[in-house]
$ cat model-v4.tsv   # TSV, C-alpha atoms
chain	number	residue	atom	x	y	z
A	311	MET	CA	76.08	328.44	49.38
A	312	ASP	CA	79.06	327.13	47.39
A	313	ALA	CA	81.19	324.09	48.18
A	314	LEU	CA	83.76	326.10	50.11
A	315	ALA	CA	81.10	327.80	52.20
A	316	GLY	CA	79.59	324.41	52.98
A	317	LEU	CA	82.97	323.01	53.95
A	318	LEU	CA	83.89	325.93	56.19
A	319	ASP	CA	80.49	326.46	57.80
A	320	GLY	CA	81.52	324.38	60.79
A	321	PRO	CA	84.25	326.30	62.61
A	322	ARG	CA	82.70	328.21	65.51
A	323	ALA	CA	85.11	328.53	68.37
A	324	HIS	CA	83.55	328.98	71.80
A	325	ARG	CA	85.99	330.15	74.44
A	326	ALA	CA	88.76	328.60	72.40
A	327	PHE	CA	92.14	328.02	73.97
A	328	LEU	CA	94.47	330.74	72.70
A	329	LEU	CA	98.03	331.19	73.87
A	330	ARG	CA	101.11	333.23	73.02
A	331	SER	CA	104.24	331.20	73.75
A	332	ILE	CA	107.64	332.83	74.17
A	333	LEU	CA	110.41	330.25	74.11
A	334	ASP	CA	114.19	330.14	74.19
A	335	PRO	CA	116.08	327.01	73.06
A	336	PRO	CA	116.23	324.28	73.99
A	337	TRP	CA	112.50	323.64	74.24
A	338	SER	CA	110.19	320.81	73.23
A	339	LEU	CA	106.44	320.47	73.81
A	340	ARG	CA	104.68	317.11	73.62
A	341	ILE	CA	101.09	317.86	72.53
A	342	GLN	CA	98.65	315.13	73.52
A	343	ASP	CA	95.58	317.24	74.30
A	344	GLU	CA	93.37	315.27	71.86
A	345	ALA	CA	91.97	318.54	70.47
A	346	PRO	CA	90.19	318.08	67.12
A	347	LEU	CA	91.92	321.01	65.43
A	348	THR	CA	94.81	323.30	66.36
A	349	LEU	CA	96.29	326.23	64.47
A	350	VAL	CA	99.89	327.29	65.15
A	351	THR	CA	101.63	330.28	63.62
A	352	VAL	CA	105.18	331.49	64.18
A	353	THR	CA	105.52	335.24	64.59
A	354	ARG	CA	109.20	335.22	65.53
A	355	GLY	CA	111.99	332.72	65.14
A	356	ARG	CA	111.37	329.16	63.98
A	357	ALA	CA	109.93	325.87	65.19
A	358	TRP	CA	109.46	322.27	64.10
A	359	MET	CA	106.22	320.29	64.18
A	360	ILE	CA	106.65	316.53	64.27
A	361	PRO	CA	103.68	314.15	63.92
A	362	ASP	CA	104.16	310.73	65.48
A	363	ASP	CA	103.65	309.03	62.13
A	364	GLY	CA	105.16	311.59	59.78
A	365	GLU	CA	108.16	313.69	58.91
A	366	ALA	CA	109.27	316.78	60.82
A	367	VAL	CA	108.08	320.05	59.26
A	368	ARG	CA	109.96	323.30	59.79
A	369	LEU	CA	107.99	326.47	60.51
A	370	ASP	CA	109.58	329.86	59.88
A	371	ALA	CA	108.21	333.25	60.87
A	372	GLY	CA	104.90	333.82	59.09
A	373	ASP	CA	104.17	330.14	58.46
A	374	VAL	CA	100.90	328.65	59.67
A	375	ALA	CA	100.36	324.99	60.56
A	376	ILE	CA	97.10	323.16	61.20
A	377	ALA	CA	97.13	319.90	63.15
A	378	ARG	CA	94.10	317.60	63.09
A	379	GLY	CA	93.61	315.60	66.29
A	380	PRO	CA	93.33	313.52	68.29
A	381	GLU	CA	96.75	312.06	67.42
A	382	PRO	CA	99.66	313.51	69.43
A	383	TYR	CA	102.54	315.49	67.95
A	384	THR	CA	105.56	317.50	69.05
A	385	VAL	CA	106.41	321.19	68.67
A	386	THR	CA	110.09	321.90	69.28
A	387	ASP	CA	113.06	324.12	68.54
A	388	ASP	CA	114.93	321.15	67.05
A	389	PRO	CA	113.89	317.58	66.19
A	390	ALA	CA	116.73	316.32	68.39
A	391	THR	CA	115.58	318.14	71.54
A	392	PRO	CA	114.04	315.73	74.11
A	393	TRP	CA	110.53	316.38	75.36
A	394	GLN	CA	110.40	318.80	78.28
A	395	VAL	CA	106.71	319.72	78.62
A	396	VAL	CA	103.53	317.71	78.08
A	397	ILE	CA	100.21	319.34	77.13
A	398	HIS	CA	97.34	317.14	78.29
A	399	PRO	CA	93.57	317.24	77.53
A	400	GLY	CA	92.02	320.42	78.88
A	401	GLN	CA	95.33	322.18	78.10
A	402	ARG	CA	96.84	321.01	81.38
A	403	CYS	CA	100.59	321.56	81.24
A	404	THR	CA	103.07	319.41	83.16
A	405	THR	CA	106.63	318.15	83.22
A	406	LEU	CA	107.31	314.65	81.93
A	407	GLY	CA	106.90	313.51	85.52
A	408	GLY	CA	103.44	315.08	85.84
A	409	GLU	CA	104.34	318.20	87.88
A	410	PRO	CA	102.14	321.21	86.93
A	411	LEU	CA	103.82	324.08	85.06
A	412	GLU	CA	101.01	326.56	84.42
A	413	GLU	CA	102.05	329.02	87.12
A	414	GLU	CA	105.79	328.46	86.84
A	415	MET	CA	105.83	329.29	83.12
A	416	GLY	CA	103.13	331.96	83.11
A	417	LEU	CA	104.27	335.28	81.60
A	418	GLY	CA	101.07	337.33	81.65
A	419	VAL	CA	97.66	337.38	79.98
A	420	ARG	CA	97.44	334.34	77.66
A	421	THR	CA	101.22	334.31	77.55
A	422	TRP	CA	103.44	331.43	78.58
A	423	GLY	CA	107.01	330.26	78.11
A	424	ASN	CA	110.47	329.77	79.53
A	425	GLY	CA	111.53	333.41	79.40
A	426	PRO	CA	110.13	336.81	78.31
A	427	GLY	CA	113.05	337.36	75.93
A	428	GLY	CA	112.73	334.07	74.06
A	429	SER	CA	113.85	333.96	70.44
A	430	THR	CA	110.71	332.15	69.25
A	431	VAL	CA	107.11	333.33	69.58
A	432	LEU	CA	104.20	331.05	68.71
A	433	LEU	CA	100.48	331.81	68.57
A	434	THR	CA	98.33	328.77	69.22
A	435	GLY	CA	94.57	328.51	68.79
A	436	THR	CA	92.81	325.28	69.70
A	437	TYR	CA	89.26	324.13	69.02
A	438	GLN	CA	88.72	322.13	72.18
A	439	LEU	CA	85.35	320.47	71.48
A	440	ARG	CA	84.48	318.40	68.44
A	441	GLY	CA	81.16	320.15	68.14
A	442	GLU	CA	83.06	323.35	67.30
A	443	VAL	CA	84.42	321.93	64.05
A	444	SER	CA	82.32	320.26	61.40
A	445	GLY	CA	83.13	316.63	60.78
A	446	ARG	CA	83.01	317.44	57.06
A	447	LEU	CA	85.92	319.83	57.53
A	448	LEU	CA	87.99	317.46	59.64
A	449	ALA	CA	87.52	314.63	57.17
A	450	ALA	CA	88.78	316.83	54.32
A	451	LEU	CA	92.07	317.73	56.00
A	452	PRO	CA	95.38	315.87	56.23
A	453	PRO	CA	96.71	315.16	59.75
A	454	MET	CA	99.00	318.17	59.41
A	455	LEU	CA	99.32	320.93	56.83
A	456	VAL	CA	101.65	323.91	56.61
A	457	LEU	CA	101.02	327.09	54.68
A	458	PRO	CA	104.18	329.15	54.03
A	459	GLY	CA	104.03	332.74	55.13
A	460	GLU	CA	104.45	334.16	51.64
A	461	ALA	CA	101.34	332.29	50.48
A	462	ARG	CA	98.83	334.05	52.72
A	463	ASP	CA	97.83	337.48	53.98
A	464	HIS	CA	99.34	338.71	57.24
A	465	PRO	CA	96.81	341.19	58.76
A	466	LEU	CA	94.78	338.60	60.70
A	467	THR	CA	97.87	337.08	62.31
A	468	ALA	CA	99.15	340.52	63.29
A	469	LEU	CA	95.74	341.43	64.72
A	470	LEU	CA	95.53	338.15	66.67
A	471	ASP	CA	99.03	338.79	68.01
A	472	ARG	CA	97.91	342.17	69.35
A	473	GLU	CA	94.57	341.01	70.72
A	474	ILE	CA	95.66	337.76	72.37
A	475	VAL	CA	97.36	339.55	75.28
A	476	LYS	CA	94.45	341.90	76.01
A	477	ASP	CA	91.97	341.36	78.84
A	478	ASP	CA	89.25	343.77	77.73
A	479	PRO	CA	85.50	343.16	78.13
A	480	GLY	CA	84.25	340.70	75.53
A	481	GLN	CA	87.79	339.68	74.65
A	482	GLU	CA	87.01	335.96	74.49
A	483	ALA	CA	84.39	336.57	71.80
A	484	VAL	CA	86.81	338.75	69.83
A	485	LEU	CA	89.50	336.08	69.95
A	486	ASP	CA	87.07	333.31	69.00
A	487	ARG	CA	86.00	335.18	65.87
A	488	LEU	CA	89.60	336.06	64.96
A	489	LEU	CA	90.57	332.41	65.24
A	490	ASP	CA	87.66	331.39	63.01
A	491	LEU	CA	88.59	334.01	60.41
A	492	LEU	CA	92.25	333.04	60.41
A	493	LEU	CA	91.42	329.35	60.06
A	494	ILE	CA	89.02	329.98	57.17
A	495	THR	CA	91.53	332.27	55.43
A	496	VAL	CA	94.29	329.69	55.73
A	497	LEU	CA	92.07	326.84	54.51
A	498	ARG	CA	90.77	328.85	51.58
A	499	THR	CA	94.35	329.45	50.47
A	500	TRP	CA	95.33	325.85	51.19
A	501	PHE	CA	92.56	324.29	49.10
A	502	SER	CA	93.55	326.46	46.13
A	503	ARG	CA	97.04	324.90	46.08
A	504	PRO	CA	97.79	321.88	43.86
A	505	GLU	CA	99.36	319.87	46.70
A	506	ALA	CA	96.29	320.29	48.90
A	507	GLU	CA	94.48	317.27	47.38
A	508	ALA	CA	91.13	318.95	47.92
A	509	PRO	CA	88.07	316.68	48.05
A	510	ALA	CA	86.80	315.55	44.65
A	511	TRP	CA	83.46	317.28	45.20
A	512	TYR	CA	85.30	320.51	46.04
A	513	ARG	CA	87.31	320.36	42.82
A	514	ALA	CA	84.18	319.48	40.87
A	515	HIS	CA	82.66	322.79	41.95
A	516	ALA	CA	84.63	324.46	39.14
A	517	ASP	CA	82.77	322.44	36.49
A	518	PRO	CA	79.91	324.51	34.99
A	519	VAL	CA	77.44	321.61	35.10
A	520	VAL	CA	78.44	319.57	38.15
A	521	GLY	CA	79.29	322.72	40.09
A	522	ARG	CA	75.77	324.03	39.56
A	523	ALA	CA	74.28	320.72	40.68
A	524	LEU	CA	76.44	320.78	43.80
A	525	ARG	CA	75.33	324.33	44.61
A	526	MET	CA	71.70	323.28	44.23
A	527	ILE	CA	72.23	320.44	46.70
A	528	HIS	CA	74.24	322.59	49.12
A	529	ASN	CA	71.77	325.48	49.01
A	530	ASP	CA	68.69	323.36	49.70
A	531	PRO	CA	69.44	319.85	50.99
A	532	ALA	CA	65.84	319.47	52.17
A	533	HIS	CA	64.45	319.78	48.64
A	534	PRO	CA	63.15	316.46	47.20
A	535	TRP	CA	65.92	316.31	44.62
A	536	THR	CA	65.95	313.75	41.83
A	537	VAL	CA	68.48	313.25	39.06
A	538	ALA	CA	65.87	314.60	36.67
A	539	GLY	CA	65.37	317.73	38.77
A	540	LEU	CA	69.11	318.37	39.04
A	541	ALA	CA	69.54	317.77	35.31
A	542	ALA	CA	66.76	320.25	34.50
A	543	GLY	CA	68.42	322.83	36.73
A	544	THR	CA	71.76	322.40	34.99
A	545	GLY	CA	70.44	322.26	31.43
A	546	VAL	CA	71.64	318.77	30.52
A	547	SER	CA	70.08	315.34	30.21
A	548	ARG	CA	69.72	312.97	33.14
A	549	ALA	CA	72.23	310.56	31.64
A	550	SER	CA	74.75	313.31	30.94
A	551	LEU	CA	74.52	314.72	34.46
A	552	ALA	CA	74.74	311.31	36.11
A	553	ARG	CA	77.79	310.36	34.06
A	554	ARG	CA	79.60	313.69	34.50
A	555	PHE	CA	78.77	313.94	38.20
A	556	THR	CA	80.03	310.43	38.91
A	557	GLU	CA	83.24	311.01	36.94
A	558	LEU	CA	84.13	314.23	38.76
A	559	VAL	CA	82.77	313.63	42.25
A	560	GLY	CA	83.42	309.90	42.44
A	561	GLU	CA	79.84	308.85	43.22
A	562	PRO	CA	76.35	309.30	41.71
A	563	PRO	CA	74.30	312.41	42.50
A	564	MET	CA	71.81	310.65	44.79
A	565	THR	CA	74.57	308.92	46.74
A	566	PHE	CA	76.28	312.26	47.27
A	567	LEU	CA	72.97	313.84	48.30
A	568	THR	CA	72.40	311.14	50.91
A	569	GLY	CA	75.91	311.59	52.28
A	570	TRP	CA	75.54	315.37	52.44
A	571	ARG	CA	72.20	315.13	54.22
A	572	LEU	CA	73.52	312.65	56.79
A	573	ALA	CA	76.65	314.72	57.40
A	574	LEU	CA	74.50	317.80	58.02
A	575	ALA	CA	72.22	315.76	60.27
A	576	ALA	CA	75.22	314.47	62.23
A	577	ASP	CA	76.44	318.03	62.82
A	578	LEU	CA	72.98	319.17	63.92
A	579	LEU	CA	72.59	316.23	66.27
A	580	ARG	CA	75.97	316.91	67.82
A	581	GLU	CA	75.77	320.71	67.98
A	582	THR	CA	72.12	321.52	68.72
A	583	ASP	CA	69.24	320.40	70.92
A	584	ALA	CA	66.87	320.03	67.98
A	585	THR	CA	64.69	316.92	68.06
A	586	VAL	CA	65.48	314.08	65.69
A	587	GLY	CA	62.27	314.91	63.83
A	588	ALA	CA	63.28	318.54	63.41
A	589	VAL	CA	66.72	317.53	62.19
A	590	ALA	CA	65.16	315.05	59.75
A	591	ARG	CA	62.93	317.71	58.19
A	592	LYS	CA	65.78	320.21	57.98
A	593	VAL	CA	67.95	317.87	55.92
A	594	GLY	CA	65.28	316.41	53.66
A	595	TYR	CA	63.80	313.37	55.41
A	596	GLY	CA	60.08	313.03	56.01
A	597	GLY	CA	60.41	312.29	59.71
A	598	PRO	CA	62.53	310.70	62.44
A	599	PHE	CA	61.90	307.14	61.23
A	600	ALA	CA	63.22	307.90	57.73
A	601	LEU	CA	66.32	309.60	59.13
A	602	SER	CA	66.87	306.79	61.62
A	603	ALA	CA	66.67	304.18	58.84
A	604	ALA	CA	69.26	306.07	56.77
A	605	PHE	CA	71.53	306.56	59.78
A	606	LYS	CA	71.42	302.89	60.69
A	607	ARG	CA	71.97	301.81	57.08
A	608	VAL	CA	75.02	304.03	56.52
A	609	LEU	CA	76.50	304.52	59.99
A	610	GLY	CA	75.23	301.47	61.85
A	611	VAL	CA	73.76	303.51	64.74
A	612	SER	CA	70.56	305.41	65.43
A	613	PRO	CA	70.56	309.24	65.45
A	614	GLN	CA	69.91	309.23	69.20
A	615	ARG	CA	72.83	306.94	69.89
A	616	TYR	CA	75.06	309.05	67.69
A	617	ARG	CA	74.01	312.15	69.61
A	618	GLU	CA	74.72	310.50	72.96
A	619	ALA	CA	78.00	308.79	72.09
A	620	GLY	CA	79.37	310.34	68.91
A	621	ALA	CA	80.19	307.98	66.08
A	622	PRO	CA	81.09	304.69	67.79
A	623	GLY	CA	84.11	302.97	66.36
A	624	THR	CA	84.87	305.70	63.82
A	625	GLY	CA	85.49	308.81	65.91
A	626	GLU	CA	83.60	312.08	65.67
A	627	THR	CA	84.34	312.49	61.97
A	628	GLY	CA	82.84	309.13	61.08
A	629	ALA	CA	79.59	310.60	59.84
A	630	ALA	CA	81.32	312.82	57.31
A	631	THR	CA	83.32	309.91	55.95
A	632	ALA	CA	80.76	307.12	56.03
A	633	ALA	CA	77.73	309.17	55.03
A	634	GLY	CA	78.50	309.32	51.35
A	635	ARG	CA	81.94	310.79	52.03
A	636	PRO	CA	80.97	314.46	51.44
A	637	GLY	CA	84.18	315.48	53.15
A	638	ALA	CA	86.40	313.00	51.32

$ encode --input "model-v4.tsv" --output "structure tokens"
Amino acid sequence: MDALAGLLDGPRAHRAFLLRSILDPPWSLRIQDEAPLTLVTVTRGRAWMIPDDGEAVRLDAGDVAIARGPEPYTVTDDPATPWQVVIHPGQRCTTLGGEPLEEEMGLGVRTWGNGPGGSTVLLTGTYQLRGEVSGRLLAALPPMLVLPGEARDHPLTALLDREIVKDDPGQEAVLDRLLDLLLITVLRTWFSRPEAEAPAWYRAHADPVVGRALRMIHNDPAHPWTVAGLAAGTGVSRASLARRFTELVGEPPMTFLTGWRLALAADLLRETDATVGAVARKVGYGGPFALSAAFKRVLGVSPQRYREAGAPGTGETGAATAAGRPGA
């Protein structure tokens, strides 16, 4: 496993919300669904995405935007257009006054809008549960990113556009996998761009020494790694590896290893029914007590409490950030 594979291992949509919107100006959608991650692509016309605490970003046909929740934002034909529709948690759609609009604006299978001949067509895919998206991935992303159409391949978007309106057997599974593939493709392109500000440990993957050490950690987090063992595997001295690793990644090898293990453990606790002991062994701790001690030291909560209530006070991505910042 390389750094990118580790970063992108999380997205696994399960009955994701997917919608084709056909809209004619003026239109403005207030998105406050609290979804952890949403992908929007324009297949016809143009749109603007406006975060509450950021500048408006124009989307032309072929552009793809990714919004990281739970903060609200607006999608509109023009930044000056007043809100007309509110999207609530659970993808409930209402007027500003709270009147439901799902049936009134329905235009067919997974299709919605204010008129079948609208000049703008949007495809929206939403990961609705935090367990569907790794905290490591969320922590590595800005609140909103836009990838211009000319910077990415088009086949997946075209395929999603064709498949989203079908109601064939197994269609939900097909759409889930298409959404995952499109997201991974967009992020792979995004992290290769200079303006992406990819995590330090992701950039360090290109270094022949530190990159190898990172792959060793990613491939087998349960191994009883030491600085000496990592140095032997990379062909340099302990001092050289420790210095180079810290310079490129921003923290010592063992600190990074602890953070990576706890981030993996947090995902497993949130996404599976495995016992705390099983999770501990899978990520390199001798048993539940050792994992619990590390969790409490770094995150301030026990694994069981994290599983029951998420990451109190820090949101669902807290583990990825606090646990050695493997996603930072």

$ atom_distance --input "model-v4.tsv" --atom1 "CA of Ala468 (chain A)" --atom2 "CA of Arg354 (chain A)"
11.6 Å

$ axis_aligned_box --input "model-v4.tsv" --around "region 595-601 of chain A" --padding-each-side "6 Å" --output "JSON"
{"center_x": 63.2, "center_y": 310.3, "center_z": 58.9, "size_x": 18.2, "size_y": 18.2, "size_z": 19.0}

$ atom_distance --input "model-v4.tsv" --atom1 "CA of Asp388 (chain A)" --atom2 "CA of Ser338 (chain A)"
7.8 Å

$ closest_residue --input "model-v4.tsv" --among "A:Pro399, A:Gly364, A:Gly427, A:Pro335" --to "Thr386 (chain A)" --atoms "only C-alpha atoms"
A:Pro335

$ residues_near_point --input "model-v4.tsv" --point "(74.0, 316.3, 68.9)" --cutoff "10 Å" --atoms "only C-alpha atoms" --output "list in words"
Gly441, Ala575, Ala576, Asp577, Leu578, Leu579, Arg580, Glu581, Thr582, Asp583, Ala584, Thr585, Val586, Val589, Pro613, Gln614, Arg615, Tyr616, Arg617, Glu618, Ala619 and Gly620 of chain A

$ atom_distance --input "model-v4.tsv" --atom1 "CA of Ala345 (chain A)" --atom2 "CA of Pro426 (chain A)"
26.9 Å

$ closest_residue --input "model-v4.tsv" --among "A:Glu482, A:Asp530, A:Asp343, A:Asp477" --to "Gly418 (chain A)" --atoms "only C-alpha atoms"
A:Asp477

$ residues_around --input "model-v4.tsv" --residues "Pro562 (chain A)" --least-positions-apart "2" --cutoff "12 Å" --atoms "only C-alpha atoms" --output "list in words"
Trp511, Val520, Ala523, Leu524, Thr536, Val537, Leu540, Arg548, Ala549, Ser550, Leu551, Ala552, Arg553, Arg554, Phe555, Thr556, Glu557, Leu558, Val559, Gly560, Met564, Thr565, Phe566, Leu567, Thr568, Gly569, Gly634, Arg635 and Pro636 of chain A

$ residues_near_point --input "model-v4.tsv" --point "(105.9, 317.8, 58.4)" --cutoff "10 Å" --atoms "only C-alpha atoms" --output "ChimeraX atom specification"
/A:358-361,363-369,375,453-456

$ write_last_selection --input "model-v4.tsv" --atoms "C-alpha atoms" --output "mmCIF file, in the coordinates of the input"
data_model
loop_
_atom_site.group_PDB
_atom_site.id
_atom_site.type_symbol
_atom_site.label_atom_id
_atom_site.label_comp_id
_atom_site.auth_asym_id
_atom_site.auth_seq_id
_atom_site.Cartn_x
_atom_site.Cartn_y
_atom_site.Cartn_z
ATOM 1 C CA TRP A 358 109.460 322.270 64.100
ATOM 2 C CA MET A 359 106.220 320.290 64.180
ATOM 3 C CA ILE A 360 106.650 316.530 64.270
ATOM 4 C CA PRO A 361 103.680 314.150 63.920
ATOM 5 C CA ASP A 363 103.650 309.030 62.130
ATOM 6 C CA GLY A 364 105.160 311.590 59.780
ATOM 7 C CA GLU A 365 108.160 313.690 58.910
ATOM 8 C CA ALA A 366 109.270 316.780 60.820
ATOM 9 C CA VAL A 367 108.080 320.050 59.260
ATOM 10 C CA ARG A 368 109.960 323.300 59.790
ATOM 11 C CA LEU A 369 107.990 326.470 60.510
ATOM 12 C CA ALA A 375 100.360 324.990 60.560
ATOM 13 C CA PRO A 453 96.710 315.160 59.750
ATOM 14 C CA MET A 454 99.000 318.170 59.410
ATOM 15 C CA LEU A 455 99.320 320.930 56.830
ATOM 16 C CA VAL A 456 101.650 323.910 56.610
#

$ residues_around --input "model-v4.tsv" --residues "Gln342 (chain A)" --least-positions-apart "4" --cutoff "7 Å" --atoms "all atoms listed in the file" --output "VMD selection string"
chain A and resid 382 to 383 397 to 399

$ closest_residue --input "model-v4.tsv" --among "A:Asp517, A:Ala573, A:Leu488, A:Ala449" --to "Val608 (chain A)" --atoms "all atoms listed in the file"
A:Ala573

$ closest_residue --input "model-v4.tsv" --among "A:Gln438, A:Arg340, A:Leu433, A:Leu457" --to "Cys403 (chain A)" --atoms "all atoms listed in the file"
A:Arg340

$ closest_residue --input "model-v4.tsv" --among "A:Leu448, A:Ser502, A:His533, A:Asp490" --to "Ala516 (chain A)" --atoms "all atoms listed in the file"
A:Ser502
